[in-house]
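Visitor: Have a peek at query.tsv (TSV, C-alpha atoms).
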chain	number	residue	atom	x	y	z
A	1	MET	CA	-28.46	-83.23	105.88
A	2	SER	CA	-26.15	-80.71	104.28
A	3	ASN	CA	-27.22	-77.05	104.11
A	4	ARG	CA	-24.84	-76.30	101.26
A	5	ARG	CA	-26.37	-74.34	98.42
A	6	LYS	CA	-27.07	-76.19	95.20
A	7	LEU	CA	-25.06	-74.41	92.50
A	8	ILE	CA	-25.62	-75.00	88.84
A	9	GLU	CA	-21.85	-75.38	88.40
A	10	ASP	CA	-21.98	-78.58	90.47
A	11	TYR	CA	-24.12	-80.42	87.91
A	12	ASP	CA	-22.77	-82.28	84.89
A	13	TYR	CA	-26.26	-82.65	83.45
A	14	PRO	CA	-29.64	-81.18	84.40
A	15	PRO	CA	-32.00	-83.04	86.76
A	16	LEU	CA	-34.73	-85.20	85.34
A	17	LEU	CA	-37.56	-82.95	84.18
A	18	ARG	CA	-41.08	-84.25	84.99
A	19	VAL	CA	-43.05	-81.00	84.74
A	20	PRO	CA	-43.15	-78.10	82.27
A	21	SER	CA	-39.86	-76.18	82.28
A	22	VAL	CA	-39.20	-72.63	83.45
A	23	GLY	CA	-39.08	-71.38	79.88
A	24	GLU	CA	-42.49	-72.88	79.15
A	25	VAL	CA	-44.17	-71.67	82.34
A	26	ARG	CA	-42.52	-68.24	82.46
A	27	PRO	CA	-41.38	-67.20	78.97
A	28	GLU	CA	-40.50	-63.72	80.26
A	29	LEU	CA	-37.57	-65.28	82.13
A	30	VAL	CA	-35.96	-66.66	78.98
A	31	LYS	CA	-34.09	-63.43	78.19
A	32	GLN	CA	-32.94	-63.17	81.83
A	33	TRP	CA	-31.31	-66.59	81.75
A	34	ASP	CA	-27.51	-66.27	81.45
A	35	GLU	CA	-26.84	-69.40	79.43
A	36	ARG	CA	-23.09	-68.80	79.18
A	37	ALA	CA	-22.65	-68.47	82.96
A	38	ASN	CA	-25.00	-71.41	83.49
A	39	CYS	CA	-22.54	-73.84	81.91
A	40	GLY	CA	-24.48	-73.93	78.65
A	41	PHE	CA	-27.64	-75.27	80.29
A	42	SER	CA	-30.91	-74.02	78.84
A	43	VAL	CA	-33.78	-72.48	80.76
A	44	TYR	CA	-35.98	-75.21	79.26
A	45	GLU	CA	-34.05	-77.91	81.17
A	46	PHE	CA	-35.08	-76.93	84.72
A	47	ALA	CA	-38.36	-77.11	86.61
A	48	PRO	CA	-40.01	-73.95	88.02
A	49	GLY	CA	-39.63	-75.27	91.57
A	50	SER	CA	-35.94	-76.11	91.27
A	51	GLN	CA	-33.78	-75.23	94.29
A	52	ILE	CA	-30.67	-74.81	92.16
A	53	HIS	CA	-28.95	-71.40	92.16
A	54	ALA	CA	-28.61	-70.22	88.57
A	55	HIS	CA	-27.14	-67.09	86.97
A	56	TRP	CA	-29.39	-64.30	85.70
A	57	LYS	CA	-28.84	-61.07	83.79
A	58	CYS	CA	-30.68	-57.78	83.33
A	59	TRP	CA	-30.91	-55.62	80.23
A	60	MET	CA	-30.56	-52.35	82.16
A	61	ALA	CA	-26.75	-52.53	82.31
A	62	PRO	CA	-24.00	-55.04	81.46
A	63	ASP	CA	-22.97	-55.42	85.11
A	64	HIS	CA	-26.49	-56.36	86.25
A	65	ARG	CA	-25.70	-60.05	86.75
A	66	TRP	CA	-26.49	-62.08	89.84
A	67	GLN	CA	-27.13	-65.60	91.12
A	68	ALA	CA	-30.45	-66.65	92.65
A	69	LYS	CA	-32.55	-69.74	93.24
A	70	ILE	CA	-34.69	-70.66	90.25
A	71	ALA	CA	-37.81	-71.17	92.38
A	72	ASN	CA	-37.46	-67.69	93.94
A	73	VAL	CA	-37.21	-65.99	90.57
A	74	VAL	CA	-40.29	-67.83	89.34
A	75	ILE	CA	-42.21	-66.74	92.45
A	76	SER	CA	-41.16	-63.13	91.87
A	77	ALA	CA	-42.39	-63.35	88.29
A	78	ARG	CA	-45.74	-64.71	89.46
A	79	LYS	CA	-46.15	-61.91	92.01
A	80	ALA	CA	-45.29	-59.26	89.43
A	81	GLU	CA	-47.93	-60.67	87.10
A	82	ASP	CA	-50.60	-60.86	89.84
A	83	GLU	CA	-50.00	-57.29	90.98
A	84	GLY	CA	-49.87	-56.02	87.41
A	85	ARG	CA	-46.95	-53.70	88.10
A	86	ASP	CA	-44.33	-52.65	85.60
A	87	ARG	CA	-40.68	-53.39	86.25
A	88	LYS	CA	-37.69	-51.11	86.16
A	89	GLY	CA	-35.60	-53.98	84.88
A	90	ALA	CA	-35.39	-57.73	85.03
A	91	ILE	CA	-37.51	-59.67	87.51
A	92	GLY	CA	-35.75	-59.95	90.85
A	93	CYS	CA	-32.77	-57.84	89.77
A	94	PRO	CA	-31.08	-56.68	93.01
A	95	PHE	CA	-29.33	-53.83	91.20
A	96	CYS	CA	-32.53	-52.27	89.84
A	97	HIS	CA	-34.05	-52.50	93.33
A	98	GLY	CA	-31.07	-50.76	94.92
A	99	LEU	CA	-29.92	-53.76	96.92
A	100	LEU	CA	-26.50	-54.07	95.28
A	101	PRO	CA	-24.30	-51.34	93.77
A	102	SER	CA	-23.81	-51.13	90.02
A	103	SER	CA	-22.92	-48.56	87.38
A	104	THR	CA	-26.50	-47.23	87.42
A	105	ASN	CA	-27.30	-46.74	91.11
A	106	THR	CA	-24.15	-45.79	92.99
A	107	LEU	CA	-23.92	-42.80	95.27
A	108	LEU	CA	-21.19	-41.30	93.11
A	109	LYS	CA	-23.39	-41.40	90.00
A	110	LEU	CA	-26.78	-40.31	91.38
A	111	ALA	CA	-25.73	-37.91	94.15
A	112	PRO	CA	-22.27	-36.50	93.31
A	113	ALA	CA	-22.74	-33.52	95.64
A	114	VAL	CA	-23.23	-35.84	98.62
A	115	ALA	CA	-20.41	-38.13	97.45
A	116	ALA	CA	-18.05	-35.14	97.46
A	117	GLU	CA	-18.25	-35.11	101.30
A	118	TRP	CA	-17.23	-38.77	101.55
A	119	HIS	CA	-14.40	-39.30	104.07
A	120	LYS	CA	-11.51	-40.80	102.13
A	121	THR	CA	-9.53	-42.36	105.00
A	122	LYS	CA	-12.08	-43.52	107.61
A	123	ASN	CA	-14.16	-45.53	105.13
A	124	LYS	CA	-12.79	-48.82	103.78
A	125	PHE	CA	-14.75	-48.40	100.54
A	126	GLY	CA	-15.70	-45.55	98.26
A	127	PRO	CA	-18.95	-43.87	97.12
A	128	GLU	CA	-18.80	-45.94	93.94
A	129	ASP	CA	-19.23	-49.12	96.03
A	130	VAL	CA	-22.58	-48.28	97.67
A	131	THR	CA	-26.07	-47.52	96.41
A	132	VAL	CA	-27.72	-44.14	96.75
A	133	CYS	CA	-30.36	-45.61	99.12
A	134	SER	CA	-28.01	-47.72	101.24
A	135	THR	CA	-28.64	-47.81	104.99
A	136	LYS	CA	-24.94	-48.20	105.82
A	137	SER	CA	-23.51	-45.75	108.34
A	138	VAL	CA	-20.30	-44.18	107.03
A	139	TRP	CA	-18.01	-41.23	107.73
A	140	TRP	CA	-18.40	-37.82	106.10
A	141	THR	CA	-16.47	-34.55	106.05
A	142	CYS	CA	-18.48	-31.34	105.75
A	143	PRO	CA	-17.15	-28.24	103.92
A	144	GLU	CA	-16.19	-26.79	107.32
A	145	GLY	CA	-13.89	-29.75	108.03
A	146	HIS	CA	-16.08	-31.51	110.63
A	147	ASP	CA	-16.01	-35.32	110.63
A	148	TYR	CA	-19.25	-37.09	111.50
A	149	ARG	CA	-20.99	-40.42	110.95
A	150	ALA	CA	-24.39	-40.78	109.27
A	151	LYS	CA	-26.41	-43.20	107.15
A	152	ILE	CA	-26.21	-42.81	103.38
A	153	SER	CA	-30.01	-42.92	103.02
A	154	ASN	CA	-30.37	-40.10	105.56
A	155	ARG	CA	-27.95	-37.95	103.57
A	156	THR	CA	-29.72	-38.54	100.26
A	157	ASN	CA	-33.42	-38.93	101.11
A	158	ARG	CA	-33.70	-36.83	104.28
A	159	GLN	CA	-30.95	-34.37	103.36
A	160	SER	CA	-29.32	-34.60	106.79
A	161	GLY	CA	-25.91	-33.02	107.25
A	162	CYS	CA	-23.15	-32.22	109.69
A	163	LEU	CA	-24.27	-32.41	113.30
A	164	LYS	CA	-21.96	-29.63	114.41
A	165	CYS	CA	-23.05	-27.32	111.63
A	166	ASN	CA	-26.73	-28.07	112.23
A	167	LEU	CA	-26.78	-28.14	116.02
A	168	GLY	CA	-23.62	-26.19	116.75
A	169	GLU	CA	-20.94	-26.41	119.41
A	170	PRO	CA	-21.83	-26.59	123.13
A	171	ILE	CA	-23.90	-23.59	124.20
A	172	ASP	CA	-22.77	-21.07	126.79
A	173	LEU	CA	-25.99	-19.98	128.53
A	174	ARG	CA	-24.28	-16.81	129.71
A	175	GLU	CA	-25.02	-15.53	126.22
A	176	TYR	CA	-28.73	-16.14	126.90
A	177	LYS	CA	-29.38	-14.47	130.24
A	178	LYS	CA	-33.12	-15.20	130.34
A	179	VAL	CA	-32.51	-18.87	129.63
A	180	LEU	CA	-29.75	-19.06	132.22
A	181	ARG	CA	-32.20	-17.86	134.88
A	182	GLU	CA	-34.46	-20.81	134.02
A	183	PHE	CA	-31.70	-23.41	134.35
A	184	ASP	CA	-32.50	-25.65	137.35
A	185	ARG	CA	-29.08	-26.20	138.93
A	186	GLU	CA	-30.47	-28.30	141.75
A	187	ASN	CA	-32.06	-30.92	139.47
A	188	ASN	CA	-29.27	-30.94	136.87
A	189	PRO	CA	-26.27	-32.37	138.74
A	190	GLY	CA	-23.17	-32.69	136.63
A	191	VAL	CA	-24.51	-30.50	133.80
A	192	ASP	CA	-22.44	-27.41	133.03
A	193	PRO	CA	-24.73	-24.55	131.90
A	194	TYR	CA	-21.70	-22.86	130.33
A	195	ARG	CA	-21.06	-25.85	128.05
A	196	LEU	CA	-24.54	-27.21	127.43
A	197	PRO	CA	-24.78	-29.67	124.49
A	198	ALA	CA	-27.30	-28.50	121.94
A	199	GLY	CA	-30.57	-30.40	122.28
A	200	LEU	CA	-29.65	-32.14	125.56
A	201	LYS	CA	-32.80	-32.54	127.64
A	202	VAL	CA	-32.34	-30.94	131.06
A	203	ASN	CA	-34.60	-29.58	133.82
A	204	TRP	CA	-35.83	-25.99	133.80
A	205	ILE	CA	-37.78	-23.80	136.20
A	206	CYS	CA	-39.83	-20.77	135.15
A	207	TRP	CA	-38.38	-17.48	136.38
A	208	SER	CA	-41.85	-15.87	136.65
A	209	ASN	CA	-43.46	-18.78	138.51
A	210	LYS	CA	-41.25	-21.20	140.46
A	211	GLN	CA	-43.99	-23.84	140.42
A	212	HIS	CA	-43.68	-24.21	136.63
A	213	LYS	CA	-41.08	-26.88	135.90
A	214	TRP	CA	-40.36	-28.82	132.73
A	215	ARG	CA	-37.69	-30.85	130.95
A	216	SER	CA	-36.54	-30.09	127.39
A	217	GLY	CA	-33.56	-29.25	125.23
A	218	PHE	CA	-32.32	-25.82	124.25
A	219	TYR	CA	-31.32	-24.66	120.79
A	220	ARG	CA	-29.94	-21.35	119.64
A	221	THR	CA	-33.11	-20.73	117.68
A	222	THR	CA	-35.42	-21.30	120.68
A	223	LYS	CA	-37.75	-18.39	121.37
A	224	ASP	CA	-37.58	-16.39	124.59
A	225	LEU	CA	-40.88	-17.65	126.07
A	226	ARG	CA	-40.15	-21.31	126.80
A	227	CYS	CA	-42.28	-22.26	129.81
A	228	PRO	CA	-44.96	-24.73	128.55
A	229	GLU	CA	-47.48	-23.59	131.15
A	230	CYS	CA	-47.02	-19.93	130.38
A	231	ARG	CA	-47.33	-20.69	126.68
A	232	GLY	CA	-50.52	-22.69	127.26
A	233	ILE	CA	-49.08	-26.05	126.27
A	234	ARG	CA	-49.64	-27.52	129.72
A	235	PRO	CA	-52.88	-26.92	131.60
A	236	SER	CA	-52.78	-24.66	134.63
A	237	LYS	CA	-55.05	-22.26	136.49
A	238	LYS	CA	-53.94	-19.33	134.33
A	239	ASN	CA	-54.28	-20.82	130.85
A	240	ASP	CA	-57.97	-21.66	130.63
A	241	PRO	CA	-59.18	-21.75	127.00
A	242	ALA	CA	-61.38	-18.72	127.63
A	243	CYS	CA	-58.23	-16.69	128.35
A	244	VAL	CA	-56.58	-17.54	125.01
A	245	PRO	CA	-57.92	-15.23	122.23
A	246	HIS	CA	-56.89	-17.40	119.27
A	247	VAL	CA	-58.85	-20.34	120.70
A	248	ILE	CA	-62.07	-18.33	120.97
A	249	GLU	CA	-61.65	-16.99	117.42
A	250	ALA	CA	-61.07	-20.49	116.02
A	251	PHE	CA	-64.38	-21.88	117.26
A	252	GLU	CA	-66.70	-22.65	114.38
A	253	THR	CA	-69.71	-21.96	116.62
A	254	PRO	CA	-69.64	-20.16	119.99
A	255	VAL	CA	-69.46	-22.58	122.91
A	256	MET	CA	-71.09	-21.30	126.09
A	257	GLU	CA	-70.43	-24.31	128.33
A	258	ARG	CA	-67.27	-26.39	128.44
A	259	LYS	CA	-67.59	-29.73	130.20
A	260	SER	CA	-63.91	-30.76	130.18
A	261	SER	CA	-60.69	-30.26	128.27
A	262	ALA	CA	-61.24	-33.58	126.50
A	263	ASP	CA	-64.41	-32.46	124.64
A	264	ARG	CA	-64.04	-32.76	120.87
A	265	ILE	CA	-64.58	-29.61	118.84
A	266	THR	CA	-64.69	-28.85	115.13
A	267	TRP	CA	-62.29	-26.16	113.94
A	268	THR	CA	-61.98	-24.23	110.70
A	269	CYS	CA	-59.15	-22.37	109.01
A	270	ASP	CA	-59.46	-19.19	106.94
A	271	VAL	CA	-57.14	-20.45	104.19
A	272	ALA	CA	-59.76	-22.62	102.45
A	273	GLU	CA	-63.27	-23.89	103.00
A	274	ASP	CA	-62.22	-27.53	103.24
A	275	HIS	CA	-59.74	-26.79	106.07
A	276	GLU	CA	-61.96	-28.29	108.75
A	277	TRP	CA	-60.86	-30.77	111.40
A	278	THR	CA	-61.86	-32.15	114.79
A	279	THR	CA	-59.69	-32.21	117.89
A	280	THR	CA	-59.89	-31.69	121.63
A	281	LYS	CA	-59.83	-28.40	123.46
A	282	GLN	CA	-56.62	-29.37	125.17
A	283	MET	CA	-54.87	-30.06	121.85
A	284	LYS	CA	-56.05	-26.76	120.40
A	285	ARG	CA	-54.92	-24.90	123.48
A	286	THR	CA	-51.41	-26.21	122.89
A	287	GLY	CA	-51.23	-24.26	119.67
A	288	THR	CA	-51.78	-27.17	117.27
A	289	GLN	CA	-51.76	-25.73	113.77
A	290	CYS	CA	-54.06	-26.55	110.89
A	291	PRO	CA	-53.20	-30.08	109.61
A	292	PHE	CA	-54.00	-29.01	106.05
A	293	CYS	CA	-51.65	-26.01	106.15
A	294	ALA	CA	-49.00	-28.31	107.67
A	295	ASN	CA	-49.39	-30.73	104.71
A	296	ILE	CA	-50.49	-33.55	107.02
A	297	ARG	CA	-53.95	-33.88	105.47
A	298	LEU	CA	-55.01	-33.50	101.84
A	299	SER	CA	-56.72	-30.30	100.76
A	300	VAL	CA	-57.36	-28.31	97.61
A	301	THR	CA	-54.48	-26.06	98.66
A	302	ASN	CA	-51.75	-28.72	98.92
A	303	SER	CA	-52.62	-31.24	96.22
A	304	LEU	CA	-50.09	-32.09	93.55
A	305	LYS	CA	-52.38	-30.74	90.83
A	306	THR	CA	-52.66	-27.37	92.56
A	307	CYS	CA	-49.03	-26.87	93.60
A	308	TYR	CA	-47.14	-28.52	90.74
A	309	PRO	CA	-49.33	-28.71	87.62
A	310	LYS	CA	-46.33	-29.45	85.36
A	311	VAL	CA	-45.34	-32.47	87.43
A	312	ALA	CA	-48.99	-33.53	87.63
A	313	SER	CA	-49.12	-33.60	83.83
A	314	GLU	CA	-46.64	-36.53	83.93
A	315	TRP	CA	-48.92	-38.55	86.25
A	316	HIS	CA	-49.68	-41.99	84.83
A	317	PRO	CA	-53.46	-42.25	84.34
A	318	THR	CA	-53.86	-46.01	84.91
A	319	LYS	CA	-50.99	-47.38	87.03
A	320	ASN	CA	-51.59	-45.43	90.27
A	321	ARG	CA	-54.54	-47.45	91.64
A	322	ARG	CA	-57.20	-44.96	90.50
A	323	LEU	CA	-55.44	-42.08	92.23
A	324	THR	CA	-55.29	-38.71	90.52
A	325	PRO	CA	-52.98	-35.71	91.12
A	326	ASN	CA	-55.86	-34.10	93.03
A	327	GLN	CA	-55.84	-36.96	95.56
A	328	VAL	CA	-52.19	-36.83	96.70
A	329	ILE	CA	-50.26	-34.24	98.68
A	330	TYR	CA	-47.51	-32.55	96.68
A	331	CYS	CA	-44.82	-33.46	99.25
A	332	GLY	CA	-45.99	-37.03	99.85
A	333	ALA	CA	-43.44	-39.84	100.26
A	334	LYS	CA	-45.34	-42.60	98.48
A	335	LEU	CA	-44.18	-44.34	95.32
A	336	HIS	CA	-46.07	-43.39	92.16
A	337	TYR	CA	-45.82	-44.02	88.43
A	338	TRP	CA	-44.98	-41.25	85.95
A	339	ILE	CA	-44.89	-41.03	82.18
A	340	CYS	CA	-43.02	-38.40	80.21
A	341	LYS	CA	-43.91	-36.88	76.86
A	342	GLN	CA	-41.67	-39.41	75.09
A	343	GLY	CA	-43.69	-42.29	76.57
A	344	CYS	CA	-41.06	-43.44	79.09
A	345	LEU	CA	-42.36	-44.86	82.35
A	346	ALA	CA	-40.76	-44.35	85.75
A	347	SER	CA	-41.58	-45.36	89.30
A	348	SER	CA	-40.17	-42.91	91.83
A	349	LEU	CA	-40.92	-40.58	94.72
A	350	PHE	CA	-41.90	-37.06	93.79
A	351	ALA	CA	-39.83	-35.80	96.74
A	352	CYS	CA	-36.77	-37.77	95.59
A	353	ARG	CA	-37.06	-36.46	92.06
A	354	ASP	CA	-37.07	-32.95	93.38
A	355	SER	CA	-34.36	-33.31	96.06
A	356	LEU	CA	-31.89	-35.44	94.09
A	357	ASN	CA	-32.68	-33.84	90.71
A	358	LEU	CA	-33.17	-37.29	89.21
A	359	PRO	CA	-34.41	-37.21	85.62
A	360	LEU	CA	-37.68	-38.95	84.91
A	361	GLU	CA	-35.87	-41.28	82.56
A	362	TYR	CA	-34.06	-42.96	85.51
A	363	PRO	CA	-34.90	-45.69	85.95
A	364	VAL	CA	-36.47	-46.08	82.50
A	365	ILE	CA	-38.58	-49.03	81.49
A	366	SER	CA	-40.15	-49.73	78.16
A	367	ALA	CA	-43.52	-48.15	77.53
A	368	GLN	CA	-44.67	-51.21	75.63
Write the structure described by the file as structure tokens, please.

Guide:
Amino acid sequence: MSNRRKLIEDYDYPPLLRVPSVGEVRPELVKQWDERANCGFSVYEFAPGSQIHAHWKCWMAPDHRWQAKIANVVISARKAEDEGRDRKGAIGCPFCHGLLPSSTNTLLKLAPAVAAEWHKTKNKFGPEDVTVCSTKSVWWTCPEGHDYRAKISNRTNRQSGCLKCNLGEPIDLREYKKVLREFDRENNPGVDPYRLPAGLKVNWICWSNKQHKWRSGFYRTTKDLRCPECRGIRPSKKNDPACVPHVIEAFETPVMERKSSADRITWTCDVAEDHEWTTTKQMKRTGTQCPFCANIRLSVTNSLKTCYPKVASEWHPTKNRRLTPNQVIYCGAKLHYWICKQGCLASSLFACRDSLNLPLEYPVISAQ
């Protein structure tokens, strides 16, 4: 049996229709049907379960044209109706979903500052040939002239940059005398402490207590006190919780007896009354900060309504699954619906709107 795709161009006349047509079952697909590219065939001449690949078009831009199986497009339309979600463009449009580059979603159009660092000779294509959320790994040139390779999505969404500018050249530990004393030469064969790659995990030994050993990387911004046992990150005889002042002050109620380091304790933070969480003594002894202050958990202090009331005013009242601006963290990475004063709807990340400076009107869909 041949696995060749069934193209609409291979048919001189449509197959025999024994069930209601696509246009009758899904009238919303009528305006997506590219009748000219489909050899003059009508959408009313094919069954919803047809395996023929037909041509479709989107009203978002003239170049939003693609070929897909009729049955797949019908299934996508059914799912969109069941979920009750609004569309940025035509049903199943790969350009509106960022799967294929077009005039509306290229890196050059949406992120020109990032596209300016595109390497012109090492890449076989240009920033106008990829989408802004593409996961392709390409070459870049930073303003300092360093060439490096990174994914496009990391550059746009995570704002990553040049490795050499961020991490720096190999580190000469002679410039950090205290750190050089902690370098374990015996357990780091072949590693040059005078040309140590930034972030490379190597073995260290504490200069104040030779029994304290650990393995980690070193960065130029690392603080002087690095031993995990001296800092209280690892348990030892000298870092009992009773010896750490900030642990005693953080207890909600005084604890007279401690059974083990795995006992769960409730902690409070002075920033707000609802900053209350439960953890173990061992985790708190490591210096774990308040999850609400770190924007890991939702609080009255980090909600979208509290931090960005203007952005919260554009929150769509009905399309966000009963969520309100008071129930999401301002720096969350989830997809939400927004509506501007002109009545235009948009589905985007709040973080992406802020980092890429995307206007709310992109991508715009009808408010009707």

Visitor: If you count all atoms listed in the file, which residues fall within 9 Å of His146 (chain A), apart from same-chain ones fewer than 5 positions away, as a PyMOL selection string?

Guide: chain A and resi 140-141+162-165

Visitor: CA of Ala115 (chain A) and CA of Arg155 (chain A) are how many Å apart?

Guide: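 Those two atoms sit 9.7 Å apart.
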
Visitor: Find the distance between CA of Pro48 (chain A) and CA of Tyr11 (chain A) and write it in Å to one decimal.

Guide: 17.2 Å

Visitor: Could you tell me how far CA of Asp147 (chain A) lies from CA of Gly126 (chain A), in Å and to one decimal?

Guide: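 Atom-to-atom, CA of Asp147 (chain A) to CA of Gly126 (chain A), that is 16.1 Å.
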
Visitor: Please work out which residues fall within 12 Å of (-24.5, -42.4, 90.6), coordinates as given in the file, with only C-alpha atoms counting, and return them as JSON, numbers by chain.

Guide: {"A": [98, 101, 102, 103, 104, 105, 106, 107, 108, 109, 110, 111, 112, 113, 114, 115, 116, 127, 128, 129, 130, 131, 132, 133, 156, 356, 357, 358, 362, 363]}

Visitor: Take every atom of region 319-335 of chain A listed in the file, fit an axis-aligned box around them, add 4 Å per side, and give the centre and edge lengths in Å to one decimal as JSON.

Guide:
{"center_x": -50.3, "center_y": -40.0, "center_z": 93.6, "size_x": 21.8, "size_y": 22.9, "size_z": 21.2}

Visitor: Tell me which protein, DNA and RNA residues are within 8 Å of Ser216 (chain A), counting only C-alpha atoms, leaving out same-chain ones fewer than 3 positions away, and put them as a PyMOL selection string.

Guide: chain A and resi 199-204

Visitor: Only C-alpha atoms, please: the residues just picked out, written as an mmCIF file, keeping the file's coordinate frame.

Guide:
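Dumped everything to result-v8.cif:
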data_model
loop_
_atom_site.group_PDB
_atom_site.id
_atom_site.type_symbol
_atom_site.label_atom_id
_atom_site.label_comp_id
_atom_site.auth_asym_id
_atom_site.auth_seq_id
_atom_site.Cartn_x
_atom_site.Cartn_y
_atom_site.Cartn_z
ATOM 1 C CA GLY A 199 -30.570 -30.400 122.280
ATOM 2 C CA LEU A 200 -29.650 -32.140 125.560
ATOM 3 C CA LYS A 201 -32.800 -32.540 127.640
ATOM 4 C CA VAL A 202 -32.340 -30.940 131.060
ATOM 5 C CA ASN A 203 -34.600 -29.580 133.820
ATOM 6 C CA TRP A 204 -35.830 -25.990 133.800
#

Visitor: What's around Cys227 (chain A) at 8 Å? Count all atoms listed in the file, leave out sequence neighbours fewer than 2 positions away in its own chain, and write the answer as a PyMOL selection string.

Guide: chain A and resi 205-206+212-214+225+229-231

Visitor: Identify which of the residues A:Arg149, A:Lys178, A:His53, A:Arg26 lies closest to Arg5 (chain A), counting only C-alpha atoms when measuring atom-to-atom distances.

Guide: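 When distances to Arg5 (chain A) are compared using only C-alpha atoms, the smallest one comes from A:His53.
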
Visitor: Quick one: of A:Thr266, A:Thr121, A:Thr318, A:Asn157, who's nearest to Ser134 (chain A), counting all atoms listed in the file?

Guide: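 Nearest candidate to Ser134 (chain A) out of A:Thr266, A:Thr121, A:Thr318, A:Asn157: A:Asn157.
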
Visitor: Considering all atoms listed in the file, state which residue in the set A:Arg215, A:Lys210, A:Arg297, A:Arg174 is at the smallest distance from Arg195 (chain A).

Guide: A:Arg174

Visitor: What's around Ile339 (chain A) at 6 Å? Count all atoms listed in the file, leave out sequence neighbours fewer than 5 positions away in its own chain, and write the answer as a PDB file with C-alpha atoms, in the coordinates of the input.

Guide:
ATOM      1  CA  GLU A 314     -46.640 -36.530  83.930  1.00  0.00           C
ATOM      2  CA  HIS A 316     -49.680 -41.990  84.830  1.00  0.00           C
ATOM      3  CA  CYS A 344     -41.060 -43.440  79.090  1.00  0.00           C
ATOM      4  CA  LEU A 345     -42.360 -44.860  82.350  1.00  0.00           C
TER       5      LEU A 345
END

Visitor: Would you mind telling me which residue in A:Arg322, A:Thr279, A:Cys331, A:Ile152 lies nearest to Ile265 (chain A) when using only C-alpha atoms?

Guide: A:Thr279

Visitor: List every protein, DNA or RNA residue that has an atom no more than 12 Å from (-23.5, -53.5, 84.6) in the file's coordinate frame, counting all atoms listed in the file, and report them as a PyMOL selection string.

Guide: chain A and resi 57-66+93-96+100-106

Visitor: Can those selected residues be exported to a file as a PDB file, keeping the file's coordinate frame so that it contains C-alpha atoms?

Guide:
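Written output follows (result.pdb):
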ATOM      1  CA  LYS A  57     -28.840 -61.070  83.790  1.00  0.00           C
ATOM      2  CA  CYS A  58     -30.680 -57.780  83.330  1.00  0.00           C
ATOM      3  CA  TRP A  59     -30.910 -55.620  80.230  1.00  0.00           C
ATOM      4  CA  MET A  60     -30.560 -52.350  82.160  1.00  0.00           C
ATOM      5  CA  ALA A  61     -26.750 -52.530  82.310  1.00  0.00           C
ATOM      6  CA  PRO A  62     -24.000 -55.040  81.460  1.00  0.00           C
ATOM      7  CA  ASP A  63     -22.970 -55.420  85.110  1.00  0.00           C
ATOM      8  CA  HIS A  64     -26.490 -56.360  86.250  1.00  0.00           C
ATOM      9  CA  ARG A  65     -25.700 -60.050  86.750  1.00  0.00           C
ATOM     10  CA  TRP A  66     -26.490 -62.080  89.840  1.00  0.00           C
ATOM     11  CA  CYS A  93     -32.770 -57.840  89.770  1.00  0.00           C
ATOM     12  CA  PRO A  94     -31.080 -56.680  93.010  1.00  0.00           C
ATOM     13  CA  PHE A  95     -29.330 -53.830  91.200  1.00  0.00           C
ATOM     14  CA  CYS A  96     -32.530 -52.270  89.840  1.00  0.00           C
ATOM     15  CA  LEU A 100     -26.500 -54.070  95.280  1.00  0.00           C
ATOM     16  CA  PRO A 101     -24.300 -51.340  93.770  1.00  0.00           C
ATOM     17  CA  SER A 102     -23.810 -51.130  90.020  1.00  0.00           C
ATOM     18  CA  SER A 103     -22.920 -48.560  87.380  1.00  0.00           C
ATOM     19  CA  THR A 104     -26.500 -47.230  87.420  1.00  0.00           C
ATOM     20  CA  ASN A 105     -27.300 -46.740  91.110  1.00  0.00           C
ATOM     21  CA  THR A 106     -24.150 -45.790  92.990  1.00  0.00           C
TER      22      THR A 106
END
